[in-house]
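Asker: Next up is a structure, given as structure tokens.
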Amino acid sequence: MKKHDEANRIALDLLRKKQHKDCFASPLEFLLDEHMRQRALFGLLDNLSVGAHLGAAYLEAVICFLKSDFALHVLDEEEDLFPLLRRRVNDDGQLEHLLGKLSSEHLRDRERARLILIGLNDGAPFSIEFLEMLRDFSGSERRHLIVENAIIIPLARACLSETDLVMIGVRMAARRGMEIEGNLCLN
Ligand SMILES: [Fe+2]
Ligand SMILES: [Fe+2]
């Protein structure tokens with residue numbers, strides 16, 4: 001039980017962690033860091049899905065993370081990383097197939113995140129269908145992260161230039177209302 005409490009507390013700290021603008025100097029590391037925070041979210045959702053009572057502070061952190069960090073992360077990939085990879089990688093369509101799959105997962109999980117937020121804000125006891133959705137969301141998102149960590153981020157490391165990285169870092173920071181030096185335009 002204590003082990004569980006400790007894991008939950010670590011997850012809570014990760015969800016509450018605020019980014020400093022220096023993180024955007026290394027945008028790929030930042031994305032990996034966000035994946036780690038998302039794993040913390042999925043751990044808490046798994047606990048909720050088996051009927052654990054996490055308490056108000058946990059629910060608040062989960063709601064806040066889903067509303068802001070999770071949604072912004074999808075935009076970082078859809079509006080910055082994926083379009084830039086499409087421009088820089090020429091591989092006869094294999095990457096396009098993979099990015100198309102990841103984008104359709106983004107779309108599906110953005111909708112599920114919206115439904116989860118409604119359910120968590122509702123205050124009513126969770127239905128069986130809702131608990132199943134929490135499990136499905138965590139499971140499919142974990143698989144999504146495995147692909148991004150194993151293929152997309154290493155590909156970005158290999159194919160994006162220093163200038164590209166500065167550019168997407170500036171755009172990610174701007175998305176969060178922070179200003180760092182560099183050019184906002186994707187060329
Ligand atoms: Fe993604
Ligand atoms: Fe991601």
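Each chain in the structure tokens gets a letter, A, B, ..., in the order shown, and its residues are numbered from 1; ligands are numbered from 1 in order too.
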Based on DSSP run over this structure's backbone, return all residues of segment 14-44 of chain A in helix (DSSP H, G or I), as a list of chain:residue names.
Answerer: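 For segment 14-44 of chain A, the helix (DSSP H, G or I) set is A:Leu14, A:Leu15, A:Arg16, A:Lys21, A:Asp22, A:Cys23, A:Phe24, A:Ala25, A:Pro27, A:Leu28, A:Glu29, A:Phe30, A:Leu31, A:Leu32, A:Asp33, A:Glu34, A:His35, A:Met36, A:Arg37, A:Gln38, A:Arg39, A:Ala40, A:Leu41, A:Phe42, A:Gly43, A:Leu44.
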Asker: Generate the output file for the selected residues, C-alpha atoms, as a CSV table (one decimal), in the first residue's frame.
Answerer:
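This went into part18.csv:
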chain,number,residue,atom,x,y,z
A,14,LEU,CA,5.3,15.1,-12.2
A,15,LEU,CA,1.9,16.3,-13.3
A,16,ARG,CA,2.3,19.5,-11.3
A,21,LYS,CA,11.6,28.3,-20.6
A,22,ASP,CA,15.1,26.8,-20.8
A,23,CYS,CA,13.6,23.4,-21.6
A,24,PHE,CA,12.6,24.7,-25.0
A,25,ALA,CA,16.3,25.0,-26.0
A,27,PRO,CA,12.7,20.6,-27.8
A,28,LEU,CA,13.1,16.8,-28.4
A,29,GLU,CA,14.2,16.3,-24.8
A,30,PHE,CA,11.2,18.4,-23.8
A,31,LEU,CA,8.9,16.1,-25.7
A,32,LEU,CA,10.4,13.0,-24.1
A,33,ASP,CA,10.0,14.6,-20.7
A,34,GLU,CA,6.3,15.3,-21.5
A,35,HIS,CA,5.9,11.6,-22.5
A,36,MET,CA,7.3,10.7,-19.0
A,37,ARG,CA,4.7,13.0,-17.4
A,38,GLN,CA,2.0,11.4,-19.5
A,39,ARG,CA,3.0,8.0,-18.2
A,40,ALA,CA,2.4,9.4,-14.7
A,41,LEU,CA,-1.0,10.5,-15.8
A,42,PHE,CA,-1.8,7.0,-17.2
A,43,GLY,CA,-0.8,5.4,-13.9
A,44,LEU,CA,-3.2,7.6,-12.0
Asker: Give me, as a list in words, the set of residues whose atoms come within 10 Å of any atom of ligand 2, counting only C-alpha atoms and all ligand atoms.
Answerer: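 So the residues close to ligand 2 are Leu31, Leu32, Asp33, Glu34, His35, Met36, Gln38, Phe70, His73, Val74, Leu75, Asp76, Glu77, Glu78, Leu81, Leu102, His106, Glu141, Arg142, His144, Leu145, Ile146, Val147, Glu148, Asn149, Ile152 and Ile153 of chain A.
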Asker: From the list A:Gly100, A:Pro125, A:Gly182, A:Gly119, which residue is nearest ligand 1 when using only C-alpha atoms and all ligand atoms?
Answerer: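 Of A:Gly100, A:Pro125, A:Gly182, A:Gly119, the one nearest ligand 1 is A:Gly100, counting only C-alpha atoms and all ligand atoms.
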Asker: Find the residues around segment 53-57 of chain A up to 9 Å (only C-alpha atoms counted), leave out those fewer than 4 positions away in its own chain, and share them as a PyMOL selection string.
Answerer: chain A and resi 8+12+44+47-48+61-62
Asker: Generate a file of the selected residues that holds N, CA and C atoms, formatted as a JSON list (two decimals), in the first residue's frame.
Answerer:
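Resulting contents of result29.json:
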[["chain", "number", "residue", "atom", "x", "y", "z"],
["A", 8, "ASN", "N", 2.03, 7.15, -6.41],
["A", 8, "ASN", "CA", 1.02, 8.18, -6.71],
["A", 8, "ASN", "C", 1.56, 9.58, -6.42],
["A", 12, "LEU", "N", 1.95, 12.62, -8.96],
["A", 12, "LEU", "CA", 1.35, 13.93, -8.70],
["A", 12, "LEU", "C", 2.38, 15.05, -8.90],
["A", 44, "LEU", "N", -2.13, 7.11, -12.89],
["A", 44, "LEU", "CA", -3.22, 7.58, -12.02],
["A", 44, "LEU", "C", -4.58, 7.19, -12.61],
["A", 47, "ASN", "N", -5.29, 3.65, -11.84],
["A", 47, "ASN", "CA", -5.76, 3.49, -10.46],
["A", 47, "ASN", "C", -7.24, 3.84, -10.35],
["A", 48, "LEU", "N", -7.62, 4.96, -10.99],
["A", 48, "LEU", "CA", -9.04, 5.34, -10.97],
["A", 48, "LEU", "C", -9.90, 4.25, -11.62],
["A", 61, "ALA", "N", -5.12, 17.71, -10.35],
["A", 61, "ALA", "CA", -3.90, 17.66, -11.16],
["A", 61, "ALA", "C", -4.14, 16.93, -12.49],
["A", 62, "VAL", "N", -4.91, 15.84, -12.43],
["A", 62, "VAL", "CA", -5.24, 15.08, -13.65],
["A", 62, "VAL", "C", -6.04, 15.96, -14.62]]
Asker: Using only C-alpha atoms, which protein or nucleic acid residues come within 9 Å of Ile128 of chain A? Drop anything in the same chain fewer than 4 positions from it, and give the result as a list in words.
Answerer: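 Answer for this query is Ser49, Glu132 and Met133 of chain A.
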Asker: Based on the selection just made, write C-alpha atoms of those residues as a PDB file, in the first residue's frame.
Answerer:
ATOM      1  CA  SER A  49     -10.171   2.682 -13.440  1.00  0.00           C
ATOM      2  CA  GLU A 132     -13.285   0.999 -19.455  1.00  0.00           C
ATOM      3  CA  MET A 133     -12.597   4.189 -21.391  1.00  0.00           C
TER       4      MET A 133
END
Asker: Would you please work out which residue, of A:Leu99, A:Leu45, A:Val89, A:Ala7, is nearest to ligand 1 when using only C-alpha atoms and all ligand atoms?
Answerer: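 With only C-alpha atoms and all ligand atoms as the atom set, the closest residue is A:Leu99.
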Asker: Using only C-alpha atoms and all ligand atoms, can you tell me which of A:Ser138, A:Ser127, A:Ser103, A:Ser161 comes closest to ligand 1?
Answerer: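 Comparing A:Ser138, A:Ser127, A:Ser103, A:Ser161 against ligand 1, the winner is A:Ser103.
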Asker: For Asn121 of chain A, which residue among A:Arg9, A:Arg88, A:Arg143, A:Lys67 is the nearest when counting only C-alpha atoms?
Answerer: A:Lys67
Asker: Given the choices A:Asp13, A:Asp136, A:Glu60, A:Glu105, which gets closest to ligand 1 if the distance is worked out from only C-alpha atoms and all ligand atoms?
Answerer: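 When distances to ligand 1 are compared using only C-alpha atoms and all ligand atoms, the smallest one comes from A:Glu105.
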